[in-house]
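*Asks:* Here it is, the structure, as structure tokens.
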Amino acid sequence: MDDLSSIKQSFLHELSLVQGIAGLDDIRVKYLGKKGVLTGKLKTLGALPPDERRSAGIVLNEMKVLMENELALRKQALKNRELEKKLASEALDITIPGNYTPPGRLHPLTQTMLDIIDIFSAMGFSVEEGPEVETDYYNFEALNIPREHPARDMQDTFYVSDDVVLRTHTSPVQIRAMQKRKPPFRIIAPGKVYRCDADISHTPMFHQIEGLMVGEDISFSHLKAVLEAFLHRFFSPDVPVRFRPSYFPFTEPSAEVDIGCIFCKGAGCRTCKTSGWIEILGAGMVNPRVFEMSGYDPQVYSGFAFGMGIERIAMLKYSIDDIRLFYENDIRFLRQF
Ligand code: DAH
């Protein structure tokens, strides 16, 4: 019985060192297994004289209970530790800020286009589209632009073949709309157009929006009212608007429409070249020749048309001084809109 206390000590020592549940089983086997240290002691009880056997039995059994309890306690402690470790490694810190994906936004030209469409839609215009690769007929001929007209200059027009061009304006959509529809109707046609040109106010591709209203008694007054309403909504209700006589082959009479310079309020500055006015769009009454070519009787029908550059009016509205900024897609530029 003398070495019992050293057995107990080495048992407790080993128990304190063990780091995992598997190690615990090794200790149980070593002390309490069939060939265990304590089991061996218990087996020797039979050889003792009866009076010693009883007290030794009590001591050994207490020892066995103690070992079992210690093993159970240690097992629970190790289990707890493992659980804590697992929880810590799987922990999710819900206070960490998430990865922010900034929302995208519409390109300033798209925004401008949608603003323009909104204003005309409210006045009953519907949106019409036409092809960007266009025939000579729609882009020029049917718009009363004859072969020798300067607008056909090789420097301005991208020719795909002798009879096919990249449309140089959205005006051909006027012709397509007239062929498709029955008057009265009013349409706007936004889209890309192409001209062989590049500097701080020109890019080979840019955007225009065309307008056309046809009916039995559409007059210049309608044209004025619609364009003034548009310009007042788009720029500001008090911006002055003026119509200047001009020339376009597909309209007669034709006008160029100016607004009072929104930068100097008419006093004269660099943007308006000291004139106090800024040219905004071209317009006019549909030329009877154009009606005839599309099979409309000019004695019965009249109409007005207009066309404007979207880049140009976006540049004015947002004070942008270089058209190329629209296409460089520098995020610092785009974020401002
Ligand atoms: N198509 C002309 C251009 O690109 C703009 C234009 C002028 C359109 C007068 C029209 C108009 O509909 O009536 O320069």
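Labels used: A, B, ... for chains in the order of the structure tokens, numbers from 1 for residues in each chain, and numbers from 1 for ligands as shown.
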Which residues are close to Arg324 of chain A, i.e. within 10 Å by only C-alpha atoms, leaving aside same-chain residues fewer than 3 positions away? Reply as a list in words.
*Replies:* Ala198, Asp199, Ile200, Ser201, His202, Thr203, Glu311, Ile320, Asp321, Tyr327, Glu328 and Asn329 of chain A
*Asks:* Any chance you could export the current selection's N, CA, C and O atoms as a PDB file, in the first residue's frame?
*Replies:*
```pdb
ATOM      1  N   ALA A 198     -12.695  65.546 -85.343  1.00  0.00           N
ATOM      2  CA  ALA A 198     -12.250  65.376 -83.956  1.00  0.00           C
ATOM      3  C   ALA A 198     -11.471  66.583 -83.445  1.00  0.00           C
ATOM      4  O   ALA A 198     -10.439  66.951 -83.991  1.00  0.00           O
ATOM      5  N   ASP A 199     -12.007  67.238 -82.411  1.00  0.00           N
ATOM      6  CA  ASP A 199     -11.287  68.290 -81.673  1.00  0.00           C
ATOM      7  C   ASP A 199     -11.986  68.466 -80.319  1.00  0.00           C
ATOM      8  O   ASP A 199     -12.705  67.566 -79.901  1.00  0.00           O
ATOM      9  N   ILE A 200     -11.787  69.597 -79.610  1.00  0.00           N
ATOM     10  CA  ILE A 200     -12.370  69.655 -78.261  1.00  0.00           C
ATOM     11  C   ILE A 200     -13.895  69.750 -78.257  1.00  0.00           C
ATOM     12  O   ILE A 200     -14.532  69.592 -77.221  1.00  0.00           O
ATOM     13  N   SER A 201     -14.498  70.021 -79.412  1.00  0.00           N
ATOM     14  CA  SER A 201     -15.969  70.002 -79.423  1.00  0.00           C
ATOM     15  C   SER A 201     -16.553  69.008 -80.430  1.00  0.00           C
ATOM     16  O   SER A 201     -17.753  68.974 -80.635  1.00  0.00           O
ATOM     17  N   HIS A 202     -15.692  68.196 -81.062  1.00  0.00           N
ATOM     18  CA  HIS A 202     -16.182  67.186 -82.013  1.00  0.00           C
ATOM     19  C   HIS A 202     -15.526  65.836 -81.770  1.00  0.00           C
ATOM     20  O   HIS A 202     -14.323  65.761 -81.550  1.00  0.00           O
ATOM     21  N   THR A 203     -16.357  64.771 -81.829  1.00  0.00           N
ATOM     22  CA  THR A 203     -15.821  63.406 -81.801  1.00  0.00           C
ATOM     23  C   THR A 203     -16.429  62.671 -82.996  1.00  0.00           C
ATOM     24  O   THR A 203     -17.531  63.028 -83.437  1.00  0.00           O
ATOM     25  N   GLU A 311     -24.400  65.888 -76.783  1.00  0.00           N
ATOM     26  CA  GLU A 311     -23.148  66.288 -76.121  1.00  0.00           C
ATOM     27  C   GLU A 311     -23.131  67.800 -75.894  1.00  0.00           C
ATOM     28  O   GLU A 311     -22.786  68.266 -74.813  1.00  0.00           O
ATOM     29  N   ILE A 320     -19.252  71.606 -69.060  1.00  0.00           N
ATOM     30  CA  ILE A 320     -18.135  70.725 -69.415  1.00  0.00           C
ATOM     31  C   ILE A 320     -17.430  71.353 -70.618  1.00  0.00           C
ATOM     32  O   ILE A 320     -18.080  71.716 -71.598  1.00  0.00           O
ATOM     33  N   ASP A 321     -16.091  71.504 -70.528  1.00  0.00           N
ATOM     34  CA  ASP A 321     -15.438  72.280 -71.587  1.00  0.00           C
ATOM     35  C   ASP A 321     -14.748  71.430 -72.650  1.00  0.00           C
ATOM     36  O   ASP A 321     -14.215  71.964 -73.616  1.00  0.00           O
ATOM     37  N   TYR A 327     -16.052  60.445 -73.136  1.00  0.00           N
ATOM     38  CA  TYR A 327     -15.673  59.122 -73.643  1.00  0.00           C
ATOM     39  C   TYR A 327     -14.430  58.540 -72.993  1.00  0.00           C
ATOM     40  O   TYR A 327     -14.097  57.383 -73.222  1.00  0.00           O
ATOM     41  N   GLU A 328     -13.736  59.361 -72.187  1.00  0.00           N
ATOM     42  CA  GLU A 328     -12.561  58.818 -71.498  1.00  0.00           C
ATOM     43  C   GLU A 328     -12.991  57.926 -70.340  1.00  0.00           C
ATOM     44  O   GLU A 328     -12.251  57.076 -69.891  1.00  0.00           O
ATOM     45  N   ASN A 329     -14.204  58.133 -69.853  1.00  0.00           N
ATOM     46  CA  ASN A 329     -14.750  57.348 -68.751  1.00  0.00           C
ATOM     47  C   ASN A 329     -13.844  57.323 -67.525  1.00  0.00           C
ATOM     48  O   ASN A 329     -13.682  56.298 -66.875  1.00  0.00           O
TER      49      ASN A 329
END
```
*Asks:* Per residue of chain A within 7 Å of ligand 1, record the nearest atom pair and its distance in Å to one decimal, counting only C-alpha atoms and all ligand atoms, with rows in chain order and ascending residue number, as a tab-separated table.
*Replies:*
```
residue	atom	partner	partner_atom_place_in_ligand_line	distance
A:Thr168	CA	ligand 1	4 (O)	6.6
A:His169	CA	ligand 1	4 (O)	4.4
A:Thr170	CA	ligand 1	1 (N)	6.3
A:Ser171	CA	ligand 1	1 (N)	5.1
A:Glu210	CA	ligand 1	12 (O)	5.7
A:Gly211	CA	ligand 1	12 (O)	6.1
A:Leu212	CA	ligand 1	12 (O)	7.0
A:Phe248	CA	ligand 1	9 (C)	5.9
A:Phe250	CA	ligand 1	13 (O)	6.7
A:Thr251	CA	ligand 1	13 (O)	5.6
A:Ser254	CA	ligand 1	13 (O)	6.7
A:Leu281	CA	ligand 1	7 (C)	6.8
A:Gly282	CA	ligand 1	7 (C)	3.7
A:Ala283	CA	ligand 1	13 (O)	3.4
A:Gly284	CA	ligand 1	13 (O)	4.6
A:Met285	CA	ligand 1	13 (O)	6.9
A:Phe304	CA	ligand 1	13 (O)	6.9
A:Ala305	CA	ligand 1	13 (O)	4.2
A:Phe306	CA	ligand 1	12 (O)	3.5
A:Gly307	CA	ligand 1	8 (C)	3.5
A:Met308	CA	ligand 1	5 (C)	6.0
```
*Asks:* Store the residues picked out above in a file with N, CA, C and O atoms, as a PDB file, in the first residue's frame.
*Replies:*
```pdb
ATOM      1  N   THR A 168     -25.015  60.475 -90.665  1.00  0.00           N
ATOM      2  CA  THR A 168     -24.320  61.685 -90.221  1.00  0.00           C
ATOM      3  C   THR A 168     -25.214  62.539 -89.335  1.00  0.00           C
ATOM      4  O   THR A 168     -24.773  63.521 -88.757  1.00  0.00           O
ATOM      5  N   HIS A 169     -26.483  62.159 -89.256  1.00  0.00           N
ATOM      6  CA  HIS A 169     -27.439  62.865 -88.392  1.00  0.00           C
ATOM      7  C   HIS A 169     -28.621  61.912 -88.120  1.00  0.00           C
ATOM      8  O   HIS A 169     -28.694  60.825 -88.711  1.00  0.00           O
ATOM      9  N   THR A 170     -29.495  62.319 -87.203  1.00  0.00           N
ATOM     10  CA  THR A 170     -30.657  61.461 -86.910  1.00  0.00           C
ATOM     11  C   THR A 170     -31.829  61.783 -87.841  1.00  0.00           C
ATOM     12  O   THR A 170     -32.881  61.137 -87.774  1.00  0.00           O
ATOM     13  N   SER A 171     -31.632  62.750 -88.749  1.00  0.00           N
ATOM     14  CA  SER A 171     -32.732  63.141 -89.651  1.00  0.00           C
ATOM     15  C   SER A 171     -33.300  61.994 -90.500  1.00  0.00           C
ATOM     16  O   SER A 171     -34.508  62.007 -90.785  1.00  0.00           O
ATOM     17  N   GLU A 210     -33.591  63.903 -82.692  1.00  0.00           N
ATOM     18  CA  GLU A 210     -34.361  64.478 -83.791  1.00  0.00           C
ATOM     19  C   GLU A 210     -35.806  64.601 -83.335  1.00  0.00           C
ATOM     20  O   GLU A 210     -36.267  63.807 -82.510  1.00  0.00           O
ATOM     21  N   GLY A 211     -36.514  65.567 -83.883  1.00  0.00           N
ATOM     22  CA  GLY A 211     -37.942  65.651 -83.581  1.00  0.00           C
ATOM     23  C   GLY A 211     -38.713  65.846 -84.873  1.00  0.00           C
ATOM     24  O   GLY A 211     -38.213  66.462 -85.814  1.00  0.00           O
ATOM     25  N   LEU A 212     -39.908  65.301 -84.929  1.00  0.00           N
ATOM     26  CA  LEU A 212     -40.753  65.496 -86.117  1.00  0.00           C
ATOM     27  C   LEU A 212     -42.215  65.440 -85.691  1.00  0.00           C
ATOM     28  O   LEU A 212     -42.640  64.527 -84.973  1.00  0.00           O
ATOM     29  N   PHE A 248     -31.573  74.711 -94.060  1.00  0.00           N
ATOM     30  CA  PHE A 248     -31.339  73.265 -94.124  1.00  0.00           C
ATOM     31  C   PHE A 248     -32.110  72.761 -95.333  1.00  0.00           C
ATOM     32  O   PHE A 248     -33.225  73.235 -95.596  1.00  0.00           O
ATOM     33  N   PHE A 250     -33.746  70.140 -95.834  1.00  0.00           N
ATOM     34  CA  PHE A 250     -34.978  69.374 -95.550  1.00  0.00           C
ATOM     35  C   PHE A 250     -36.047  70.186 -94.848  1.00  0.00           C
ATOM     36  O   PHE A 250     -37.106  69.663 -94.519  1.00  0.00           O
ATOM     37  N   THR A 251     -35.770  71.472 -94.579  1.00  0.00           N
ATOM     38  CA  THR A 251     -36.804  72.323 -93.972  1.00  0.00           C
ATOM     39  C   THR A 251     -36.914  73.634 -94.747  1.00  0.00           C
ATOM     40  O   THR A 251     -35.939  74.116 -95.314  1.00  0.00           O
ATOM     41  N   SER A 254     -36.249  77.515 -92.503  1.00  0.00           N
ATOM     42  CA  SER A 254     -35.403  76.883 -91.492  1.00  0.00           C
ATOM     43  C   SER A 254     -34.979  77.921 -90.457  1.00  0.00           C
ATOM     44  O   SER A 254     -34.946  79.115 -90.752  1.00  0.00           O
ATOM     45  N   LEU A 281     -29.939  74.443 -81.390  1.00  0.00           N
ATOM     46  CA  LEU A 281     -30.463  73.428 -82.307  1.00  0.00           C
ATOM     47  C   LEU A 281     -30.875  74.014 -83.646  1.00  0.00           C
ATOM     48  O   LEU A 281     -30.965  75.235 -83.810  1.00  0.00           O
ATOM     49  N   GLY A 282     -31.113  73.106 -84.592  1.00  0.00           N
ATOM     50  CA  GLY A 282     -31.621  73.485 -85.904  1.00  0.00           C
ATOM     51  C   GLY A 282     -33.054  73.003 -86.027  1.00  0.00           C
ATOM     52  O   GLY A 282     -33.427  71.986 -85.439  1.00  0.00           O
ATOM     53  N   ALA A 283     -33.860  73.767 -86.779  1.00  0.00           N
ATOM     54  CA  ALA A 283     -35.270  73.399 -86.871  1.00  0.00           C
ATOM     55  C   ALA A 283     -35.892  74.010 -88.123  1.00  0.00           C
ATOM     56  O   ALA A 283     -35.230  74.770 -88.844  1.00  0.00           O
ATOM     57  N   GLY A 284     -37.125  73.676 -88.367  1.00  0.00           N
ATOM     58  CA  GLY A 284     -37.825  74.289 -89.492  1.00  0.00           C
ATOM     59  C   GLY A 284     -39.083  73.526 -89.834  1.00  0.00           C
ATOM     60  O   GLY A 284     -39.422  72.518 -89.200  1.00  0.00           O
ATOM     61  N   MET A 285     -39.776  74.070 -90.856  1.00  0.00           N
ATOM     62  CA  MET A 285     -40.982  73.401 -91.348  1.00  0.00           C
ATOM     63  C   MET A 285     -40.553  72.392 -92.416  1.00  0.00           C
ATOM     64  O   MET A 285     -39.736  72.721 -93.275  1.00  0.00           O
ATOM     65  N   PHE A 304     -43.267  70.123 -88.597  1.00  0.00           N
ATOM     66  CA  PHE A 304     -41.979  70.753 -88.263  1.00  0.00           C
ATOM     67  C   PHE A 304     -41.002  69.672 -87.819  1.00  0.00           C
ATOM     68  O   PHE A 304     -41.391  68.555 -87.444  1.00  0.00           O
ATOM     69  N   ALA A 305     -39.728  70.035 -87.911  1.00  0.00           N
ATOM     70  CA  ALA A 305     -38.674  69.108 -87.497  1.00  0.00           C
ATOM     71  C   ALA A 305     -37.613  69.896 -86.750  1.00  0.00           C
ATOM     72  O   ALA A 305     -37.500  71.111 -86.906  1.00  0.00           O
ATOM     73  N   PHE A 306     -36.889  69.189 -85.924  1.00  0.00           N
ATOM     74  CA  PHE A 306     -35.749  69.842 -85.253  1.00  0.00           C
ATOM     75  C   PHE A 306     -34.705  68.779 -84.932  1.00  0.00           C
ATOM     76  O   PHE A 306     -34.996  67.579 -84.930  1.00  0.00           O
ATOM     77  N   GLY A 307     -33.485  69.259 -84.722  1.00  0.00           N
ATOM     78  CA  GLY A 307     -32.418  68.314 -84.385  1.00  0.00           C
ATOM     79  C   GLY A 307     -31.390  69.011 -83.517  1.00  0.00           C
ATOM     80  O   GLY A 307     -31.099  70.188 -83.708  1.00  0.00           O
ATOM     81  N   MET A 308     -30.893  68.268 -82.511  1.00  0.00           N
ATOM     82  CA  MET A 308     -29.866  68.882 -81.657  1.00  0.00           C
ATOM     83  C   MET A 308     -28.841  67.851 -81.214  1.00  0.00           C
ATOM     84  O   MET A 308     -29.111  66.648 -81.188  1.00  0.00           O
TER      85      MET A 308
END
```
*Asks:* Given the choices A:Pro204, A:Ala189, A:Glu129, A:Leu78, which gets closest to Phe158 of chain A if the distance is worked out from only C-alpha atoms?
*Replies:*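 With only C-alpha atoms as the atom set, the closest residue is A:Pro204.
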*Asks:* Nearest residue to Ser294 of chain A out of A:Met63, A:Leu92, A:Ile175, A:Ala229, using only C-alpha atoms?
*Replies:*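 Smallest distance to Ser294 of chain A is found for A:Ile175.
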*Asks:* Calculated over only C-alpha atoms, which of the candidates A:Asp330, A:Glu82, A:Glu128, A:Glu62 has the smallest distance to Lys180 of chain A?
*Replies:*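 Under the stated criterion, the closest residue is A:Glu128.
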*Asks:* Give me the residues near Phe234 of chain A as a list in words, where near means some atom within 9 Å (using only C-alpha atoms) and where sequence neighbours in that chain fewer than 5 positions away do not count.
*Replies:*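 Near Phe234 of chain A, the qualifying residues are Asp115, Ile116, Ile119, Ala229 and Lys317 of chain A.
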*Asks:* Residues of the last selection are to be written out with N, CA and C atoms, as a PDB file, in the first residue's frame.
*Replies:*
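Listing of selection_19.pdb after writing:
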```
ATOM      1  N   ASP A 115     -33.439  62.792 -69.819  1.00  0.00           N
ATOM      2  CA  ASP A 115     -34.112  64.046 -69.419  1.00  0.00           C
ATOM      3  C   ASP A 115     -34.852  64.647 -70.606  1.00  0.00           C
ATOM      4  N   ILE A 116     -34.172  64.664 -71.759  1.00  0.00           N
ATOM      5  CA  ILE A 116     -34.788  65.244 -72.969  1.00  0.00           C
ATOM      6  C   ILE A 116     -36.023  64.426 -73.365  1.00  0.00           C
ATOM      7  N   ILE A 119     -39.078  65.134 -71.215  1.00  0.00           N
ATOM      8  CA  ILE A 119     -39.763  66.402 -71.490  1.00  0.00           C
ATOM      9  C   ILE A 119     -40.645  66.272 -72.739  1.00  0.00           C
ATOM     10  N   ALA A 229     -41.023  75.493 -74.895  1.00  0.00           N
ATOM     11  CA  ALA A 229     -41.414  74.724 -73.702  1.00  0.00           C
ATOM     12  C   ALA A 229     -40.278  73.779 -73.313  1.00  0.00           C
ATOM     13  N   LYS A 317     -25.211  72.436 -70.103  1.00  0.00           N
ATOM     14  CA  LYS A 317     -25.946  72.303 -68.843  1.00  0.00           C
ATOM     15  C   LYS A 317     -25.004  72.045 -67.665  1.00  0.00           C
TER      16      LYS A 317
END
```
*Asks:* Pick from A:Gly40, A:Gly130, A:Gly260, A:Gly295: nearest to Ala177 of chain A, with only C-alpha atoms counted?
*Replies:*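 Closest to Ala177 of chain A of all the choices is A:Gly130.
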*Asks:* Quick one: everything within 8 Å of segment 26-37 of chain A, counting only C-alpha atoms, minus sequence neighbours fewer than 6 positions away in the same chain. Send it as a list in words.
*Replies:*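 Contacts, with the query itself left out: Phe11, Glu14, Leu15, Lys64 and Leu71 of chain A.
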*Asks:* Between A:Glu216, A:Ile21, A:Phe230, A:Lys224, which has the minimum distance to Gln299 of chain A (counting only C-alpha atoms)?
*Replies:* A:Glu216
*Asks:* Among segment 117-319 of chain A, which ones does DSSP assign to helix (DSSP H, G or I) (computed from the backbone)? Answer as a ChimeraX atom specification.
*Replies:* /A:117-122,136-139,141-143,150-152,172-180,220-234,288-293,310-317
*Asks:* Please produce a file of the residues just selected, as a short mmCIF file (atom, residue, chain, number, x, y, z; two decimals), in the first residue's frame, where the atoms kept are C-alpha atoms.
*Replies:*
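Listing of out-v2.cif after writing:
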```cif
data_model
loop_
_atom_site.label_atom_id
_atom_site.label_comp_id
_atom_site.auth_asym_id
_atom_site.auth_seq_id
_atom_site.Cartn_x
_atom_site.Cartn_y
_atom_site.Cartn_z
CA ILE A 117 -36.99 62.21 -73.72
CA ASP A 118 -38.97 62.83 -70.51
CA ILE A 119 -39.76 66.40 -71.49
CA PHE A 120 -40.89 65.49 -75.01
CA SER A 121 -42.82 62.44 -73.82
CA ALA A 122 -44.81 64.75 -71.56
CA ASP A 136 -27.50 57.13 -98.96
CA TYR A 137 -31.19 57.48 -99.77
CA TYR A 138 -32.39 57.96 -96.18
CA ASN A 139 -29.38 59.90 -94.95
CA GLU A 141 -31.50 61.87 -100.91
CA ALA A 142 -34.88 61.67 -99.19
CA LEU A 143 -33.91 64.67 -97.06
CA PRO A 150 -21.47 70.01 -99.29
CA ALA A 151 -22.90 67.89 -96.43
CA ARG A 152 -21.85 64.90 -98.50
CA PRO A 172 -33.10 59.91 -91.71
CA VAL A 173 -35.35 58.64 -88.91
CA GLN A 174 -37.82 61.35 -90.02
CA ILE A 175 -38.18 59.55 -93.34
CA ARG A 176 -38.48 56.12 -91.74
CA ALA A 177 -41.12 57.42 -89.32
CA MET A 178 -43.15 58.95 -92.15
CA GLN A 179 -43.08 55.64 -94.04
CA LYS A 180 -44.14 53.69 -90.95
CA PHE A 220 -44.35 77.47 -87.21
CA SER A 221 -46.18 78.55 -84.02
CA HIS A 222 -46.34 74.91 -82.95
CA LEU A 223 -42.63 74.56 -83.57
CA LYS A 224 -41.90 77.66 -81.51
CA ALA A 225 -44.18 76.63 -78.66
CA VAL A 226 -42.78 73.09 -78.44
CA LEU A 227 -39.14 74.17 -78.57
CA GLU A 228 -39.60 77.01 -76.12
CA ALA A 229 -41.41 74.72 -73.70
CA PHE A 230 -38.58 72.23 -74.04
CA LEU A 231 -35.78 74.77 -73.56
CA HIS A 232 -37.51 76.32 -70.56
CA ARG A 233 -37.97 72.94 -68.94
CA PHE A 234 -34.47 71.74 -69.75
CA PRO A 288 -42.61 70.09 -99.29
CA ARG A 289 -40.01 68.25 -101.42
CA VAL A 290 -39.33 65.91 -98.47
CA PHE A 291 -43.06 65.24 -98.03
CA GLU A 292 -43.45 64.50 -101.74
CA MET A 293 -40.55 62.05 -101.82
CA ILE A 310 -26.83 65.83 -77.02
CA GLU A 311 -23.15 66.29 -76.12
CA ARG A 312 -23.45 69.97 -76.87
CA ILE A 313 -26.39 70.61 -74.60
CA ALA A 314 -24.99 68.36 -71.86
CA MET A 315 -21.75 70.37 -72.02
CA LEU A 316 -23.72 73.59 -71.61
CA LYS A 317 -25.95 72.30 -68.84
#
```
*Asks:* Excluding Phe185 of chain A and its own-chain neighbours fewer than 4 positions away, which residues fall within 7 Å of it when counting only C-alpha atoms? Please give them as a PDB file with N, CA, C and O atoms, in the first residue's frame.
*Replies:*
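part16.pdb written:
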```pdb
ATOM      1  N   MET A 213     -42.957  66.471 -86.118  1.00  0.00           N
ATOM      2  CA  MET A 213     -44.390  66.460 -85.846  1.00  0.00           C
ATOM      3  C   MET A 213     -45.106  66.726 -87.167  1.00  0.00           C
ATOM      4  O   MET A 213     -44.799  67.693 -87.863  1.00  0.00           O
ATOM      5  N   VAL A 214     -46.019  65.858 -87.548  1.00  0.00           N
ATOM      6  CA  VAL A 214     -46.720  65.990 -88.829  1.00  0.00           C
ATOM      7  C   VAL A 214     -48.226  65.909 -88.591  1.00  0.00           C
ATOM      8  O   VAL A 214     -48.697  65.078 -87.810  1.00  0.00           O
ATOM      9  N   GLY A 215     -48.943  66.802 -89.268  1.00  0.00           N
ATOM     10  CA  GLY A 215     -50.404  66.778 -89.160  1.00  0.00           C
ATOM     11  C   GLY A 215     -51.000  67.611 -90.271  1.00  0.00           C
ATOM     12  O   GLY A 215     -50.297  67.980 -91.222  1.00  0.00           O
TER      13      GLY A 215
END
```
*Asks:* Select from segment 115-305 of chain A everything DSSP, run on the backbone, classes as strand (DSSP E or B), then give the selection as a PyMOL selection string.
*Replies:* chain A and resi 126-127+133-135+159-161+164-166+185-194+199+202+205-215+241-248+251-260+277-286+302-305
*Asks:* So how far away is atom CA of Val257 of chain A from atom CA of Asp322 of chain A, in Å?
*Replies:* 22.3 Å
*Asks:* As a ChimeraX atom specification, please: the residues near segment 263-278 of chain A (cut-off 9 Å, only C-alpha atoms, same-chain neighbours under 2 positions excluded).
*Replies:* /A:239-242,257-261,280,316,319
*Asks:* What does the file look like for those residues with N, CA and C atoms, as a PDB file, in the first residue's frame?
*Replies:*
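part-v9.pdb was written with the following content:
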```
ATOM      1  N   VAL A 239     -34.971  81.373 -69.279  1.00  0.00           N
ATOM      2  CA  VAL A 239     -33.911  81.557 -70.279  1.00  0.00           C
ATOM      3  C   VAL A 239     -34.520  82.119 -71.575  1.00  0.00           C
ATOM      4  N   PRO A 240     -33.922  83.206 -72.116  1.00  0.00           N
ATOM      5  CA  PRO A 240     -34.451  83.765 -73.375  1.00  0.00           C
ATOM      6  C   PRO A 240     -34.182  82.803 -74.549  1.00  0.00           C
ATOM      7  N   VAL A 241     -35.139  82.725 -75.472  1.00  0.00           N
ATOM      8  CA  VAL A 241     -35.008  81.853 -76.647  1.00  0.00           C
ATOM      9  C   VAL A 241     -35.215  82.713 -77.888  1.00  0.00           C
ATOM     10  N   ARG A 242     -34.359  82.509 -78.895  1.00  0.00           N
ATOM     11  CA  ARG A 242     -34.599  83.271 -80.139  1.00  0.00           C
ATOM     12  C   ARG A 242     -34.436  82.358 -81.357  1.00  0.00           C
ATOM     13  N   VAL A 257     -31.892  77.895 -83.481  1.00  0.00           N
ATOM     14  CA  VAL A 257     -32.480  78.356 -82.235  1.00  0.00           C
ATOM     15  C   VAL A 257     -31.363  78.600 -81.227  1.00  0.00           C
ATOM     16  N   ASP A 258     -31.397  79.772 -80.640  1.00  0.00           N
ATOM     17  CA  ASP A 258     -30.386  80.147 -79.638  1.00  0.00           C
ATOM     18  C   ASP A 258     -31.067  80.339 -78.283  1.00  0.00           C
ATOM     19  N   ILE A 259     -30.278  80.136 -77.215  1.00  0.00           N
ATOM     20  CA  ILE A 259     -30.755  80.554 -75.890  1.00  0.00           C
ATOM     21  C   ILE A 259     -29.807  81.634 -75.383  1.00  0.00           C
ATOM     22  N   GLY A 260     -30.299  82.486 -74.511  1.00  0.00           N
ATOM     23  CA  GLY A 260     -29.446  83.487 -73.890  1.00  0.00           C
ATOM     24  C   GLY A 260     -28.347  82.748 -73.130  1.00  0.00           C
ATOM     25  N   CYS A 261     -27.115  83.245 -73.225  1.00  0.00           N
ATOM     26  CA  CYS A 261     -25.977  82.534 -72.633  1.00  0.00           C
ATOM     27  C   CYS A 261     -26.230  82.309 -71.134  1.00  0.00           C
ATOM     28  N   ILE A 280     -28.341  76.346 -80.041  1.00  0.00           N
ATOM     29  CA  ILE A 280     -28.737  75.118 -79.384  1.00  0.00           C
ATOM     30  C   ILE A 280     -29.191  74.051 -80.373  1.00  0.00           C
ATOM     31  N   LEU A 316     -23.228  72.305 -72.087  1.00  0.00           N
ATOM     32  CA  LEU A 316     -23.725  73.591 -71.612  1.00  0.00           C
ATOM     33  C   LEU A 316     -24.366  73.459 -70.242  1.00  0.00           C
ATOM     34  N   SER A 319     -21.617  72.613 -67.684  1.00  0.00           N
ATOM     35  CA  SER A 319     -20.354  73.361 -67.812  1.00  0.00           C
ATOM     36  C   SER A 319     -19.151  72.449 -68.064  1.00  0.00           C
TER      37      SER A 319
END
```
*Asks:* Write out as a CSV table (one decimal) with N, CA and C atoms, in the first residue's frame each polymer residue whose atoms come within 8 Å of Val193 of chain A, counting only C-alpha atoms; drop sequence neighbours fewer than 2 positions from it.
*Replies:*
```
chain,number,residue,atom,x,y,z
A,132,GLU,N,-28.0,52.9,-87.5
A,132,GLU,CA,-26.8,53.7,-87.5
A,132,GLU,C,-26.1,53.6,-88.9
A,166,LEU,N,-22.4,55.6,-92.6
A,166,LEU,CA,-22.7,55.7,-91.2
A,166,LEU,C,-23.6,57.0,-91.1
A,167,ARG,N,-24.7,56.9,-90.5
A,167,ARG,CA,-25.6,58.1,-90.6
A,167,ARG,C,-24.9,59.3,-90.0
A,168,THR,N,-25.0,60.5,-90.7
A,168,THR,CA,-24.3,61.7,-90.2
A,168,THR,C,-25.2,62.5,-89.3
A,169,HIS,N,-26.5,62.2,-89.3
A,169,HIS,CA,-27.4,62.9,-88.4
A,169,HIS,C,-28.6,61.9,-88.1
A,170,THR,N,-29.5,62.3,-87.2
A,170,THR,CA,-30.7,61.5,-86.9
A,170,THR,C,-31.8,61.8,-87.8
A,191,GLY,N,-30.1,59.1,-80.8
A,191,GLY,CA,-29.2,58.0,-81.2
A,191,GLY,C,-27.8,58.5,-81.6
A,195,ARG,N,-19.4,61.4,-87.7
A,195,ARG,CA,-18.8,62.3,-88.7
A,195,ARG,C,-17.3,62.3,-88.5
A,205,MET,N,-17.9,60.0,-83.3
A,205,MET,CA,-19.3,59.5,-82.9
A,205,MET,C,-19.8,60.5,-81.9
A,206,PHE,N,-21.0,60.9,-82.1
A,206,PHE,CA,-21.7,61.7,-81.1
A,206,PHE,C,-23.2,61.4,-81.1
A,207,HIS,N,-24.0,62.1,-80.3
A,207,HIS,CA,-25.4,61.8,-80.2
A,207,HIS,C,-26.2,63.0,-80.6
A,208,GLN,N,-27.3,62.7,-81.3
A,208,GLN,CA,-28.3,63.7,-81.6
A,208,GLN,C,-29.7,63.2,-81.2
```
